[in-house]
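The file start_35.cif contains mmCIF, C-alpha atoms:
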data_data
loop_
_atom_site.label_atom_id
_atom_site.label_comp_id
_atom_site.auth_asym_id
_atom_site.auth_seq_id
_atom_site.Cartn_x
_atom_site.Cartn_y
_atom_site.Cartn_z
CA MET S 1 -14.50 20.96 4.17
CA SER S 2 -13.08 19.25 1.07
CA LEU S 3 -9.85 17.81 -0.25
CA ALA S 4 -8.58 20.07 -3.02
CA PRO S 5 -7.21 18.91 -6.37
CA ALA S 6 -3.44 18.98 -6.73
CA ASP S 7 -1.12 19.57 -9.66
CA TRP S 8 2.14 17.66 -9.24
CA PRO S 9 4.76 18.43 -11.90
CA VAL S 10 6.61 15.38 -13.16
CA ALA S 11 9.91 15.06 -11.29
CA GLN S 12 12.73 14.58 -13.80
CA SER S 13 15.87 14.70 -11.67
CA VAL S 14 17.33 13.40 -8.42
CA GLU S 15 17.06 16.91 -6.99
CA GLN S 16 13.37 17.27 -7.86
CA ILE S 17 12.51 13.86 -6.41
CA ALA S 18 14.53 14.63 -3.27
CA ALA S 19 12.70 17.95 -2.89
CA ASN S 20 9.32 16.23 -3.25
CA LEU S 21 10.32 13.59 -0.70
CA ALA S 22 11.29 16.34 1.74
CA ILE S 23 7.90 18.02 1.28
CA VAL S 24 6.03 14.75 1.81
CA ARG S 25 8.04 13.96 4.93
CA GLN S 26 7.34 17.43 6.28
CA ARG S 27 3.63 16.92 5.65
CA ILE S 28 3.86 13.60 7.49
CA ALA S 29 5.59 15.30 10.42
CA SER S 30 3.01 18.08 10.54
CA ALA S 31 0.12 15.59 10.49
CA CYS S 32 1.79 13.63 13.29
CA THR S 33 2.16 16.81 15.35
CA ARG S 34 -1.55 17.54 14.97
CA ALA S 35 -2.37 13.99 16.03
CA GLY S 36 0.10 13.94 18.93
CA ARG S 37 2.13 11.19 17.28
CA ASP S 38 5.82 10.54 16.68
CA PRO S 39 6.67 10.98 12.97
CA ALA S 40 8.86 7.87 13.30
CA SER S 41 5.65 5.85 13.77
CA VAL S 42 4.67 6.47 10.13
CA ARG S 43 6.42 4.66 7.31
CA LEU S 44 6.48 6.27 3.87
CA LEU S 45 6.07 3.81 0.99
CA PRO S 46 6.83 5.57 -2.32
CA VAL S 47 4.69 4.18 -5.14
CA SER S 48 6.48 3.85 -8.48
CA LYS S 49 3.56 2.64 -10.62
CA THR S 50 4.18 3.64 -14.29
CA VAL S 51 7.52 5.25 -13.35
CA ASP S 52 10.30 4.22 -15.73
CA GLU S 53 13.63 2.71 -14.73
CA ALA S 54 15.62 5.90 -15.20
CA ARG S 55 13.45 7.83 -12.76
CA ILE S 56 13.35 4.94 -10.30
CA ARG S 57 17.14 5.00 -10.24
CA MET S 58 16.93 8.72 -9.54
CA ALA S 59 14.50 8.01 -6.70
CA VAL S 60 16.88 5.51 -5.14
CA ALA S 61 19.67 8.08 -5.38
CA ALA S 62 17.30 10.54 -3.67
CA GLY S 63 16.77 8.15 -0.78
CA CYS S 64 13.97 5.72 -1.73
CA HIS S 65 14.95 2.20 -0.73
CA GLU S 66 11.52 0.59 -0.86
CA LEU S 67 8.94 1.00 -3.60
CA GLY S 68 5.33 -0.03 -4.12
CA GLU S 69 3.88 -1.39 -7.36
CA ASN S 70 0.32 -2.49 -8.06
CA LYS S 71 0.88 -4.56 -11.23
CA VAL S 72 2.73 -7.76 -10.46
CA GLN S 73 4.48 -8.37 -13.77
CA GLU S 74 5.52 -4.74 -14.11
CA ALA S 75 6.96 -4.95 -10.62
CA GLN S 76 8.82 -8.17 -11.39
CA ARG S 77 10.37 -6.68 -14.53
CA LYS S 78 11.57 -3.69 -12.55
CA ALA S 79 12.89 -5.85 -9.72
CA GLU S 80 14.89 -7.99 -12.15
CA SER S 81 16.29 -5.11 -14.19
CA MET S 82 17.24 -3.11 -11.08
CA ALA S 83 18.42 -5.94 -8.84
CA ASP S 84 21.65 -4.02 -8.34
CA LEU S 85 19.83 -1.33 -6.36
CA GLY S 86 18.80 -3.50 -3.42
CA VAL S 87 15.25 -2.11 -3.40
CA HIS S 88 12.58 -3.76 -1.24
CA TRP S 89 9.48 -4.19 -3.43
CA SER S 90 5.95 -4.05 -2.08
CA VAL S 91 3.05 -5.33 -4.21
CA ILE S 92 0.03 -3.22 -3.30
CA GLY S 93 -2.50 -4.26 -5.96
CA HIS S 94 -4.95 -7.12 -6.39
CA LEU S 95 -3.34 -10.51 -7.02
CA GLN S 96 -4.65 -13.42 -9.06
CA THR S 97 -3.62 -16.84 -7.79
CA ASN S 98 -1.80 -17.69 -11.03
CA LYS S 99 0.57 -14.76 -10.42
CA ALA S 100 1.45 -15.71 -6.86
CA ARG S 101 4.64 -17.34 -8.13
CA TYR S 102 5.97 -13.96 -9.25
CA VAL S 103 5.31 -12.27 -5.91
CA ALA S 104 6.94 -15.17 -4.06
CA ARG S 105 10.15 -14.70 -6.04
CA PHE S 106 10.88 -11.02 -5.58
CA ALA S 107 8.52 -9.14 -3.25
CA SER S 108 9.27 -8.27 0.36
CA GLU S 109 5.68 -7.33 1.09
CA PHE S 110 2.15 -7.88 -0.23
CA GLN S 111 -0.50 -5.41 0.88
CA ALA S 112 -3.64 -6.78 -0.79
CA LEU S 113 -4.40 -10.15 0.79
CA ASP S 114 -8.16 -10.68 0.57
CA SER S 115 -8.78 -14.40 -0.01
CA LEU S 116 -7.68 -17.75 1.38
CA ARG S 117 -7.04 -18.96 -2.18
CA VAL S 118 -4.40 -16.28 -2.60
CA ALA S 119 -2.96 -17.06 0.84
CA GLU S 120 -2.66 -20.74 -0.09
CA ALA S 121 -1.09 -19.97 -3.47
CA LEU S 122 1.47 -17.67 -1.85
CA GLN S 123 2.20 -20.23 0.87
CA GLN S 124 2.95 -22.96 -1.66
CA ARG S 125 5.16 -20.73 -3.79
CA LEU S 126 7.01 -19.29 -0.83
CA LEU S 127 7.80 -22.81 0.39
CA LEU S 128 9.34 -23.57 -3.01
CA GLU S 129 11.36 -20.36 -2.89
CA SER S 130 12.36 -20.84 0.78
CA ARG S 131 11.12 -17.33 1.52
CA THR S 132 8.66 -15.52 3.76
CA LEU S 133 6.48 -12.53 2.90
CA ASP S 134 5.07 -9.67 4.97
CA VAL S 135 1.34 -9.28 4.24
CA PHE S 136 -1.49 -6.86 4.98
CA VAL S 137 -5.14 -7.89 4.82
CA GLN S 138 -7.04 -5.61 2.44
CA VAL S 139 -10.41 -4.34 3.67
CA ASN S 140 -13.04 -2.57 1.59
CA THR S 141 -14.02 0.17 4.03
CA SER S 142 -15.87 2.29 1.45
CA ALA S 143 -18.38 -0.41 0.40
CA GLU S 144 -17.71 0.45 -3.25
CA PRO S 145 -18.31 -2.48 -5.65
CA SER S 146 -15.31 -1.38 -7.74
CA LYS S 147 -12.91 -1.94 -4.84
CA TYR S 148 -11.15 -5.15 -3.89
CA GLY S 149 -10.85 -6.22 -0.28
CA LEU S 150 -12.84 -8.06 2.33
CA GLU S 151 -16.00 -6.60 3.79
CA PRO S 152 -15.26 -5.42 7.34
CA ALA S 153 -17.67 -7.99 8.80
CA ALA S 154 -15.75 -10.83 7.13
CA VAL S 155 -12.29 -9.96 8.42
CA ALA S 156 -12.55 -11.50 11.90
CA ASP S 157 -13.28 -14.95 10.49
CA PHE S 158 -10.66 -14.53 7.75
CA VAL S 159 -7.80 -13.81 10.13
CA GLN S 160 -8.60 -16.90 12.18
CA HIS S 161 -7.33 -18.98 9.24
CA LEU S 162 -4.07 -17.10 8.71
CA PRO S 163 -1.85 -18.91 11.27
CA ALA S 164 -2.03 -21.97 8.98
CA PHE S 165 0.11 -20.08 6.44
CA ASP S 166 3.42 -19.88 8.22
CA ARG S 167 5.23 -18.30 5.27
CA LEU S 168 2.97 -15.25 5.51
CA ARG S 169 3.97 -12.76 8.18
CA VAL S 170 0.81 -10.79 8.90
CA ARG S 171 1.55 -7.15 9.68
CA GLY S 172 -1.84 -5.45 9.71
CA LEU S 173 -4.67 -4.11 7.56
CA MET S 174 -4.80 -2.04 4.39
CA THR S 175 -7.54 0.01 2.74
CA LEU S 176 -8.23 2.53 -0.02
CA ALA S 177 -10.58 5.33 0.98
CA ILE S 178 -13.57 6.38 -1.08
CA PHE S 179 -12.63 8.57 -4.06
CA THR S 180 -14.22 11.90 -3.22
CA PRO S 181 -13.09 15.43 -2.30
CA GLU S 182 -15.36 15.29 0.78
CA VAL S 183 -12.86 14.88 3.58
CA GLU S 184 -15.22 13.49 6.18
CA ARG S 185 -16.29 10.65 3.88
CA VAL S 186 -12.61 9.86 3.31
CA ARG S 187 -11.91 10.09 7.04
CA ALA S 188 -14.74 7.66 7.80
CA CYS S 189 -12.95 4.94 5.81
CA PHE S 190 -9.79 5.38 7.86
CA VAL S 191 -11.70 5.45 11.14
CA ARG S 192 -13.46 2.23 10.13
CA LEU S 193 -10.15 0.46 9.51
CA ARG S 194 -8.62 1.66 12.79
CA GLU S 195 -11.66 0.60 14.79
CA LEU S 196 -11.70 -2.77 13.04
CA ARG S 197 -8.01 -3.28 13.86
CA ASP S 198 -8.65 -2.42 17.50
CA GLN S 199 -11.50 -4.95 17.66
CA LEU S 200 -9.49 -7.67 15.93
CA GLN S 201 -6.60 -7.30 18.33
CA GLN S 202 -8.93 -8.57 21.05
CA THR S 203 -9.94 -11.73 19.17
CA ALA S 204 -7.15 -12.54 16.71
CA PRO S 205 -5.17 -15.78 17.13
CA ALA S 206 -2.24 -15.56 19.50
CA GLY S 207 0.92 -14.34 17.81
CA LEU S 208 -0.86 -12.73 14.87
CA ASP S 209 0.36 -9.15 14.41
CA LEU S 210 -2.35 -6.75 13.25
CA SER S 211 -0.78 -3.58 14.57
CA GLN S 212 -0.03 -1.84 11.25
CA LEU S 213 -2.51 0.25 9.24
CA SER S 214 -1.65 0.96 5.59
CA MET S 215 -3.96 3.76 4.50
CA GLY S 216 -3.63 7.10 2.78
CA MET S 217 -2.27 8.18 -0.59
CA SER S 218 -0.97 11.40 -2.14
CA GLY S 219 -4.18 13.38 -1.71
CA ASP S 220 -5.35 12.13 1.66
CA PHE S 221 -2.44 10.67 3.66
CA GLU S 222 -2.52 13.47 6.22
CA VAL S 223 -6.11 12.58 7.12
CA ALA S 224 -5.05 8.93 7.31
CA ILE S 225 -2.22 9.79 9.71
CA GLU S 226 -4.62 11.74 11.91
CA GLU S 227 -6.68 8.53 12.14
CA GLY S 228 -3.79 6.19 12.91
CA ALA S 229 -2.04 5.22 9.65
CA THR S 230 1.36 3.61 10.17
CA VAL S 231 2.09 3.21 6.44
CA VAL S 232 1.19 5.76 3.75
CA ARG S 233 1.44 4.92 0.05
CA VAL S 234 2.51 8.02 -1.89
CA GLY S 235 3.21 8.15 -5.60
CA GLN S 236 2.16 11.30 -7.43
CA ALA S 237 3.29 13.70 -4.71
CA ILE S 238 6.81 12.25 -5.14
CA PHE S 239 7.08 11.38 -8.83
CA GLY S 240 4.52 13.78 -10.29
CA ALA S 241 1.09 13.38 -11.81
CA ARG S 242 0.60 10.67 -14.39
CA SER S 243 -0.25 11.73 -17.94
CA THR S 244 -3.73 10.25 -17.78
CA PRO S 245 -7.19 11.87 -17.82
CA ASP S 246 -7.81 10.74 -14.24
CA SER S 247 -4.89 12.61 -12.69
CA PHE S 248 -7.11 14.54 -10.26
CA TYR S 249 -5.94 14.26 -6.67
CA TRP S 250 -7.11 10.65 -6.34
CA PRO S 251 -6.11 7.76 -8.66
CA THR S 252 -8.49 5.39 -10.37
CA PRO S 253 -10.03 2.52 -8.37
CA GLY S 254 -7.57 -0.22 -7.64
CA ALA S 255 -4.57 2.02 -8.36
CA PRO S 256 -3.19 3.17 -5.02
CA ALA S 257 -0.73 6.06 -5.09
#
Please rewrite the model in this file as structure tokens.
Amino acid sequence: MSLAPADWPVAQSVEQIAANLAIVRQRIASACTRAGRDPASVRLLPVSKTVDEARIRMAVAAGCHELGENKVQEAQRKAESMADLGVHWSVIGHLQTNKARYVARFASEFQALDSLRVAEALQQRLLLESRTLDVFVQVNTSAEPSKYGLEPAAVADFVQHLPAFDRLRVRGLMTLAIFTPEVERVRACFVRLRELRDQLQQTAPAGLDLSQLSMGMSGDFEVAIEEGATVVRVGQAIFGARSTPDSFYWPTPGAPA
């Protein structure tokens, strides 16, 4: 069995984006039915990486009220120019400590926490901004050198330190599956994250919430849901394929969508 390539036309109107959203939500519901889950247990995070302001405004009109971005400064520019929309912005890409100040100013969520240095930088900036931030710990479940995230064996020790950062509201774990059309290799990444979450819930510090699993993108989110995803990050299936040579069903490493 394999995951097939997909050809997503670029959505250029509110109606097209709304239609794509309806299809994605139906796919989520169908995957939940197969897994014996309630569709309400899965949160859809539309990913607007590279999408321009005009189409983002269309997406909001179509019903998107939270959006994910993986480049911090691009996300900040969008947040500032579209502050009138009331969008909740989620940063889902790797963060350098010197850019923590941007995330602390505008983001509602950060899904790529993988070092104590970043946690400390966010904590300091959030204190200055008098804000808190929902965070997911990123785990490299595919063992690919090109991927960011903690090795699974390092996560238990890492989470023991997180209660010291009271401005970070830990919500769960995040991963990107291996980039391959072989569905069972993709599934293995999601199983690994779910099993790790289940183990951590037995040993994590009291009060630390690790219940959420952010995993699955446009080409594989149904498999992720079957394995317990509570957040799926979907970009191309909503906005259309990007005009890049790598617009096969999976995005390039480090570019969740």
Between S:Glu182, S:Glu15, S:Glu80, S:Glu109, which is the closest to S:Ala62 once you count all atoms listed in the file?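 Nearest to S:Ala62: S:Glu15.
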How would you write as number ranges by chain the residues that get within 7 Å of (-6.4, -2.8, 2.5) in the file's frame, counting all atoms listed in the file? S: 111-112, 136-140, 149, 173-176, 214
Pairwise distance for atom CA of S:Leu150 and atom CA of S:Glu120, rounded to one decimal in Å: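 Atom CA of S:Leu150 sits 16.4 Å away from atom CA of S:Glu120.
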On this structure, the PyMOL selection byres ((chain S and resi 192-204) around 8) would catch which residues? List them as a list in words, sorted by chain and number.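 Selected by the PyMOL selection byres ((chain S and resi 192-204) around 8) in this file: Val139, Thr141, Pro152, Ala156, Val159, Gln160, Gly172, Leu173, Met174, Thr175, Ala188, Cys189, Phe190, Val191, Pro205, Ala206, Leu208, Leu210, Ser211, Leu213, Glu227 and Gly228 of chain S.
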Just the selected residues (C-alpha atoms), exported as a PDB file, in the frame of the given file, please.
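And here's selection38.pdb as it stands now:
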ATOM      1  CA  VAL S 139     -10.410  -4.340   3.670  1.00  0.00           C
ATOM      2  CA  THR S 141     -14.020   0.170   4.030  1.00  0.00           C
ATOM      3  CA  PRO S 152     -15.260  -5.420   7.340  1.00  0.00           C
ATOM      4  CA  ALA S 156     -12.550 -11.500  11.900  1.00  0.00           C
ATOM      5  CA  VAL S 159      -7.800 -13.810  10.130  1.00  0.00           C
ATOM      6  CA  GLN S 160      -8.600 -16.900  12.180  1.00  0.00           C
ATOM      7  CA  GLY S 172      -1.840  -5.450   9.710  1.00  0.00           C
ATOM      8  CA  LEU S 173      -4.670  -4.110   7.560  1.00  0.00           C
ATOM      9  CA  MET S 174      -4.800  -2.040   4.390  1.00  0.00           C
ATOM     10  CA  THR S 175      -7.540   0.010   2.740  1.00  0.00           C
ATOM     11  CA  ALA S 188     -14.740   7.660   7.800  1.00  0.00           C
ATOM     12  CA  CYS S 189     -12.950   4.940   5.810  1.00  0.00           C
ATOM     13  CA  PHE S 190      -9.790   5.380   7.860  1.00  0.00           C
ATOM     14  CA  VAL S 191     -11.700   5.450  11.140  1.00  0.00           C
ATOM     15  CA  PRO S 205      -5.170 -15.780  17.130  1.00  0.00           C
ATOM     16  CA  ALA S 206      -2.240 -15.560  19.500  1.00  0.00           C
ATOM     17  CA  LEU S 208      -0.860 -12.730  14.870  1.00  0.00           C
ATOM     18  CA  LEU S 210      -2.350  -6.750  13.250  1.00  0.00           C
ATOM     19  CA  SER S 211      -0.780  -3.580  14.570  1.00  0.00           C
ATOM     20  CA  LEU S 213      -2.510   0.250   9.240  1.00  0.00           C
ATOM     21  CA  GLU S 227      -6.680   8.530  12.140  1.00  0.00           C
ATOM     22  CA  GLY S 228      -3.790   6.190  12.910  1.00  0.00           C
TER      23      GLY S 228
END
Between atom CA of S:Val91 and atom CA of S:Arg167, what distance in Å does the model show, to one decimal? 16.2 Å
Set out as CSV a contact list for stretch 146-195 of chain S and stretch 217-222 of chain S with a cut-off of 9 Å, giving each residue of stretch 146-195 of chain S that qualifies its closest atom pair and distance in Å to one decimal, counting only C-alpha atoms, ordered by chain and rising residue number.
residue,atom,partner,partner_atom,distance
S:Leu176,CA,S:Met217,CA,8.2
S:Ala177,CA,S:Asp220,CA,8.6
S:Val183,CA,S:Asp220,CA,8.2
S:Val186,CA,S:Asp220,CA,7.8
S:Arg187,CA,S:Asp220,CA,8.7
In Å, how far is it from atom CA of S:Glu144 to atom CA of S:Arg43?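 Rounded to one decimal, the two atoms are 26.7 Å apart.
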Considering all atoms listed in the file, can you say which of S:Leu168, S:Ala119, S:Ser41, S:Ala35 comes closest to S:Thr230?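 Closest residue, counting all atoms listed in the file: S:Ser41.
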Residue among S:Ala107, S:Met58, S:Arg117, S:Lys71 lying closest to S:Leu85, counting all atoms listed in the file: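 Smallest separation from S:Leu85 among the options: S:Met58.
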Counting all atoms listed in the file, figure out which residue out of S:Leu113, S:Val234, S:Val103, S:Ile17 gets nearest to S:Arg125.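 So, comparing all the options, the nearest one is S:Val103.
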Working from the structure I just supplied, which lacks atoms in stretch 27-40 of chain S, can you model N, CA and C atoms there and output them as a PDB file, keeping the file's coordinate frame?
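Listing of out-v7.pdb after writing:
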ATOM      1  N   ARG S  27       5.079  17.051   5.483  1.00  0.00           N
ATOM      2  CA  ARG S  27       3.630  16.920   5.650  1.00  0.00           C
ATOM      3  C   ARG S  27       3.294  15.780   6.623  1.00  0.00           C
ATOM      4  N   ILE S  28       4.052  14.702   6.541  1.00  0.00           N
ATOM      5  CA  ILE S  28       3.860  13.600   7.490  1.00  0.00           C
ATOM      6  C   ILE S  28       4.136  14.086   8.915  1.00  0.00           C
ATOM      7  N   ALA S  29       5.232  14.805   9.092  1.00  0.00           N
ATOM      8  CA  ALA S  29       5.590  15.300  10.420  1.00  0.00           C
ATOM      9  C   ALA S  29       4.533  16.252  10.962  1.00  0.00           C
ATOM     10  N   SER S  30       4.019  17.121  10.099  1.00  0.00           N
ATOM     11  CA  SER S  30       3.010  18.080  10.540  1.00  0.00           C
ATOM     12  C   SER S  30       1.716  17.368  10.943  1.00  0.00           C
ATOM     13  N   ALA S  31       1.324  16.357  10.153  1.00  0.00           N
ATOM     14  CA  ALA S  31       0.120  15.590  10.490  1.00  0.00           C
ATOM     15  C   ALA S  31       0.307  14.854  11.807  1.00  0.00           C
ATOM     16  N   CYS S  32       1.505  14.328  12.024  1.00  0.00           N
ATOM     17  CA  CYS S  32       1.790  13.630  13.290  1.00  0.00           C
ATOM     18  C   CYS S  32       1.716  14.603  14.457  1.00  0.00           C
ATOM     19  N   THR S  33       2.224  15.813  14.277  1.00  0.00           N
ATOM     20  CA  THR S  33       2.160  16.810  15.350  1.00  0.00           C
ATOM     21  C   THR S  33       0.715  17.107  15.710  1.00  0.00           C
ATOM     22  N   ARG S  34      -0.138  17.276  14.705  1.00  0.00           N
ATOM     23  CA  ARG S  34      -1.550  17.540  14.970  1.00  0.00           C
ATOM     24  C   ARG S  34      -2.211  16.390  15.721  1.00  0.00           C
ATOM     25  N   ALA S  35      -1.768  15.176  15.415  1.00  0.00           N
ATOM     26  CA  ALA S  35      -2.370  13.990  16.030  1.00  0.00           C
ATOM     27  C   ALA S  35      -1.674  13.571  17.314  1.00  0.00           C
ATOM     28  N   GLY S  36      -0.635  14.307  17.721  1.00  0.00           N
ATOM     29  CA  GLY S  36       0.100  13.940  18.930  1.00  0.00           C
ATOM     30  C   GLY S  36       0.869  12.649  18.770  1.00  0.00           C
ATOM     31  N   ARG S  37       1.415  12.429  17.571  1.00  0.00           N
ATOM     32  CA  ARG S  37       2.130  11.190  17.280  1.00  0.00           C
ATOM     33  C   ARG S  37       3.594  11.488  16.952  1.00  0.00           C
ATOM     34  N   ASP S  38       4.414  10.459  17.072  1.00  0.00           N
ATOM     35  CA  ASP S  38       5.820  10.540  16.680  1.00  0.00           C
ATOM     36  C   ASP S  38       5.915  10.294  15.178  1.00  0.00           C
ATOM     37  N   PRO S  39       6.522  11.199  14.405  1.00  0.00           N
ATOM     38  CA  PRO S  39       6.670  10.980  12.970  1.00  0.00           C
ATOM     39  C   PRO S  39       7.355   9.661  12.620  1.00  0.00           C
ATOM     40  N   ALA S  40       8.183   9.149  13.542  1.00  0.00           N
ATOM     41  CA  ALA S  40       8.860   7.870  13.300  1.00  0.00           C
ATOM     42  C   ALA S  40       7.888   6.701  13.292  1.00  0.00           C
TER      43      ALA S  40
END
